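Asks: Enclosed is the structure file entry38.txt (compact mmCIF, C-alpha atoms).
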# COMPACT_ATOMS: atom_id res chain seq x y z
CA MET A 20 43.22 -5.99 -13.26
CA GLU A 21 41.05 -7.72 -10.64
CA SER A 22 37.30 -7.06 -10.75
CA ARG A 23 35.61 -6.25 -7.47
CA PRO A 24 31.93 -6.55 -6.59
CA ALA A 25 29.93 -3.33 -6.57
CA ARG A 26 29.83 -1.55 -3.25
CA SER A 27 26.59 -1.77 -1.35
CA PRO A 28 24.72 1.37 -0.28
CA PHE A 29 23.96 -0.44 2.98
CA PRO A 30 26.63 0.45 5.56
CA GLU A 31 26.42 -2.91 7.37
CA THR A 32 27.41 -4.88 4.25
CA ASP A 33 30.33 -4.72 1.84
CA THR A 34 28.64 -5.89 -1.36
CA PHE A 35 25.18 -6.43 -2.77
CA GLU A 36 25.72 -10.19 -2.41
CA ASP A 37 25.63 -9.70 1.38
CA VAL A 38 22.15 -8.16 1.37
CA LEU A 39 19.46 -10.63 2.43
CA VAL A 40 15.92 -10.15 1.20
CA ALA A 41 13.16 -11.49 3.39
CA PRO A 42 10.79 -13.88 1.59
CA VAL A 43 7.50 -12.28 0.65
CA GLU A 44 4.28 -13.85 1.85
CA ALA A 45 2.00 -15.10 -0.92
CA PRO A 46 -1.05 -12.95 -1.67
CA ALA A 47 -4.26 -13.98 0.14
CA ALA A 48 -7.77 -12.57 0.54
CA GLY A 49 -7.19 -12.09 4.28
CA GLN A 50 -4.67 -9.33 3.50
CA LEU A 51 -7.42 -7.14 2.05
CA GLU A 52 -8.96 -4.81 4.60
CA THR A 53 -12.44 -3.35 4.28
CA PHE A 54 -14.53 -0.60 5.82
CA PRO A 55 -18.32 -0.08 6.04
CA ASN A 56 -19.95 1.20 2.86
CA PRO A 57 -21.24 4.69 3.73
CA TYR A 58 -24.18 4.24 1.29
CA PRO A 59 -25.15 0.54 1.46
CA GLY A 60 -28.69 1.18 0.16
CA ARG A 61 -27.49 2.83 -3.05
CA ASP A 62 -25.99 1.18 -6.14
CA TYR A 63 -22.88 3.10 -7.19
CA THR A 64 -19.66 2.10 -8.90
CA ILE A 65 -16.10 2.30 -7.62
CA GLU A 66 -13.26 1.94 -10.13
CA ILE A 67 -9.74 1.28 -8.90
CA VAL A 68 -6.94 1.37 -11.48
CA CYS A 69 -3.54 -0.10 -10.62
CA PRO A 70 -1.24 0.84 -13.55
CA GLU A 71 2.02 -0.53 -12.13
CA PHE A 72 1.19 -4.19 -11.55
CA THR A 73 4.03 -6.71 -11.85
CA SER A 74 4.31 -10.47 -11.50
CA LEU A 75 6.59 -13.13 -12.95
CA CYS A 76 6.08 -15.34 -15.99
CA PRO A 77 5.87 -18.90 -14.63
CA LYS A 78 7.65 -20.27 -17.73
CA THR A 79 10.60 -17.88 -18.05
CA GLY A 80 10.79 -16.10 -14.69
CA GLN A 81 10.80 -12.78 -16.56
CA PRO A 82 8.71 -9.92 -15.18
CA ASP A 83 5.23 -9.31 -16.54
CA PHE A 84 3.75 -5.81 -16.42
CA GLY A 85 0.16 -4.73 -16.64
CA THR A 86 -2.70 -2.56 -15.50
CA ILE A 87 -5.26 -4.14 -13.18
CA THR A 88 -8.68 -2.46 -12.99
CA PHE A 89 -11.27 -3.33 -10.34
CA THR A 90 -14.78 -2.01 -11.03
CA TYR A 91 -17.33 -2.88 -8.36
CA THR A 92 -20.64 -2.02 -6.78
CA PRO A 93 -20.19 -2.40 -3.03
CA ALA A 94 -22.75 -4.04 -0.79
CA GLU A 95 -21.99 -3.67 2.93
CA ARG A 96 -18.18 -3.25 2.70
CA CYS A 97 -15.64 -1.34 0.58
CA VAL A 98 -12.00 -2.32 0.02
CA GLU A 99 -9.38 -0.16 1.72
CA LEU A 100 -6.88 1.02 -0.91
CA LYS A 101 -3.59 0.73 0.98
CA SER A 102 -4.27 -2.92 1.81
CA LEU A 103 -5.13 -3.55 -1.86
CA LYS A 104 -1.85 -1.94 -2.92
CA LEU A 105 0.16 -4.08 -0.48
CA TYR A 106 -1.76 -7.20 -1.54
CA LEU A 107 -0.98 -6.54 -5.22
CA GLN A 108 2.70 -5.92 -4.46
CA ARG A 109 2.97 -9.47 -3.14
CA TYR A 110 2.56 -10.71 -6.71
CA ARG A 111 5.92 -9.19 -7.70
CA SER A 112 7.71 -12.41 -6.79
CA GLN A 113 4.94 -14.82 -7.86
CA GLY A 114 5.12 -16.86 -11.05
CA VAL A 115 1.56 -16.93 -12.35
CA PHE A 116 -0.28 -17.15 -15.68
CA TYR A 117 -2.48 -14.16 -16.54
CA GLU A 118 -5.67 -16.23 -16.54
CA THR A 119 -4.97 -17.66 -13.09
CA LEU A 120 -3.93 -14.26 -11.76
CA VAL A 121 -7.05 -12.33 -12.79
CA ASN A 122 -9.38 -15.08 -11.58
CA GLN A 123 -7.55 -15.18 -8.23
CA LEU A 124 -7.75 -11.38 -7.92
CA LEU A 125 -11.51 -11.57 -8.45
CA ASP A 126 -11.94 -14.47 -5.99
CA ASP A 127 -9.93 -12.70 -3.27
CA PHE A 128 -11.67 -9.35 -3.83
CA VAL A 129 -15.12 -10.94 -3.67
CA SER A 130 -14.14 -12.96 -0.58
CA ALA A 131 -12.94 -9.79 1.18
CA CYS A 132 -15.81 -7.38 0.52
CA GLN A 133 -18.67 -9.41 -1.04
CA PRO A 134 -19.71 -6.77 -3.58
CA ARG A 135 -22.99 -6.80 -5.50
CA ARG A 136 -21.03 -6.81 -8.75
CA CYS A 137 -17.35 -6.84 -9.58
CA ARG A 138 -15.27 -6.87 -12.74
CA VAL A 139 -11.49 -7.32 -12.74
CA VAL A 140 -9.54 -6.60 -15.91
CA GLY A 141 -5.87 -7.40 -16.36
CA ALA A 142 -4.41 -5.60 -19.40
CA PHE A 143 -0.84 -6.80 -19.82
CA THR A 144 1.96 -5.25 -21.86
CA PRO A 145 3.16 -7.04 -25.00
CA ARG A 146 5.29 -10.19 -24.79
CA GLY A 147 6.66 -11.38 -28.09
CA GLY A 148 4.49 -8.80 -29.87
CA ILE A 149 1.24 -10.10 -28.31
CA THR A 150 -0.87 -8.24 -25.78
CA THR A 151 -3.25 -10.05 -23.46
CA THR A 152 -6.33 -8.75 -21.64
CA VAL A 153 -8.19 -11.02 -19.22
CA THR A 154 -11.60 -10.01 -17.82
CA CYS A 155 -13.43 -11.78 -14.97
CA LEU A 156 -16.92 -10.99 -13.67
CA HIS A 157 -18.88 -11.61 -10.48
CA GLU A 158 -22.51 -10.85 -9.78
CA ALA A 159 -23.99 -11.63 -6.37
CA GLU A 160 -26.90 -14.02 -6.57
CA THR A 161 -30.26 -12.55 -5.68
CA LEU A 162 -33.57 -14.32 -5.18
CA ALA A 163 -34.88 -12.66 -8.35
CA SER A 164 -32.01 -14.13 -10.41
CA ARG A 165 -32.69 -17.74 -9.36
CA PRO A 166 -35.05 -19.54 -11.75
CA GLY A 167 -38.09 -21.21 -10.23
CA LEU A 168 -38.18 -19.03 -7.11
CA PRO A 169 -41.04 -16.57 -6.64
CA VAL A 170 -40.09 -12.90 -6.59
CA ARG A 171 -41.63 -10.94 -3.70
Here is the file; what I need is its structure written in the form of structure tokens.
Replies:
Amino acid sequence: MESRPARSPFPETDTFEDVLVAPVEAPAAGQLETFPNPYPGRDYTIEIVCPEFTSLCPKTGQPDFGTITFTYTPAERCVELKSLKLYLQRYRSQGVFYETLVNQLLDDFVSACQPRRCRVVGAFTPRGGITTTVTCLHEAETLASRPGLPVR
């Protein structure tokens, strides 16, 4: 009996092998949109939890799963959530180590909205019986935090 490829749900193709997937653009800070902070004179915290994060292991090509949590105190701008979601989805086809990933997430987030403080935590599901959590921090420099400068 001859085996036949599975039929595609796409009417314009006969098999899944005929379906072309467009390459996904690499994630970049410029993909994050922001909006004006409605309370720029007040320190308050925004926590964004992304429980369905996926990327690829750069060694094996296998998928990595995790929860990414952004906790930040906005300055003049806040991050728009849909753009953050689309930005994070671009990592689905990226081979990246956890340490590089979480540091890049922090760098891009800070570049986009320049918060007063920001913490990014990547809590990844077990691989080989080992879980990994990577935490990166950013605190905007103020005149009071710079040694040797007078505080007014």
Asks: How many Å separate atom CA of Ser112 of chain A from atom CA of Pro46 of chain A?
Replies: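 Result for atom CA of Ser112 of chain A versus atom CA of Pro46 of chain A: 10.2 Å, one decimal.
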Asks: Between A:Cys97, A:Leu156, A:Ala142, A:Ala45, which one has atoms that come closest to Val68 of chain A, using only C-alpha atoms?
Replies: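 Looking at the shortest contact to Val68 of chain A, the residue is A:Ala142.
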Asks: Identify, on the basis of only C-alpha atoms, every residue whose closest approach to Thr151 of chain A does not exceed 10 Å; exclude the query and any residue fewer than 4 positions from it along the same chain; express the result as a list in words.
Replies: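 Residues near the query, excluding close chain neighbours: Gly85, Tyr117, Glu118, Gly141, Ala142, Phe143, Thr144, Pro145 and Arg146 of chain A.
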Asks: Just the number, please: distance in Å from atom CA of Leu107 of chain A to atom CA of Glu95 of chain A, one decimal.
Replies: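 Spanning atom CA of Leu107 of chain A to atom CA of Glu95 of chain A is a straight-line distance of 22.7 Å.
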Asks: From the set A:Cys69, A:Val115, A:Cys76, A:Val98, which residue has the shortest atom-to-atom contact distance to Gly49 of chain A, counting only C-alpha atoms?
Replies: A:Val98
Asks: Find the distance between atom CA of Thr119 of chain A and atom CA of Lys78 of chain A and write it in Å to one decimal.
Replies: 13.7 Å
Asks: For Arg61 of chain A, list every protein, DNA or RNA residue within 12 Å, evaluated using all atoms listed in the file, and leave out those in the same chain fewer than 4 positions away; present the list as a list of chain:residue names.
Replies: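 Here the qualifying residues turn out to be A:Asn56, A:Pro57, A:Thr92, A:Pro93, A:Ala94, A:Glu95, A:Arg135.
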Asks: Find the residue from A:Arg111, A:Arg96, A:Arg138, A:Phe84 that sits nearest to Tyr58 of chain A; use all atoms listed in the file when measuring.
Replies: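 The answer is A:Arg96, which sits nearest to Tyr58 of chain A.
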Asks: For Glu99 of chain A, which residue among A:Leu120, A:Leu51, A:Ala131, A:Leu75 is the nearest when counting all atoms listed in the file?
Replies: A:Leu51
Asks: Looking at all atoms listed in the file, which of A:Gln113, A:Gln50, A:Thr152, A:Thr88 is the one that sits closest to Glu66 of chain A?
Replies: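 The answer is A:Thr88, which sits nearest to Glu66 of chain A.
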Asks: Go through A:Val121, A:Ala48, A:Val129, A:Leu103 one by one, measure the shortest atom-to-atom distance of each to Ser74 of chain A using only C-alpha atoms, and give the residue with the smallest value.
Replies: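 Once distances to Ser74 of chain A are computed over only C-alpha atoms, the minimum belongs to A:Val121.
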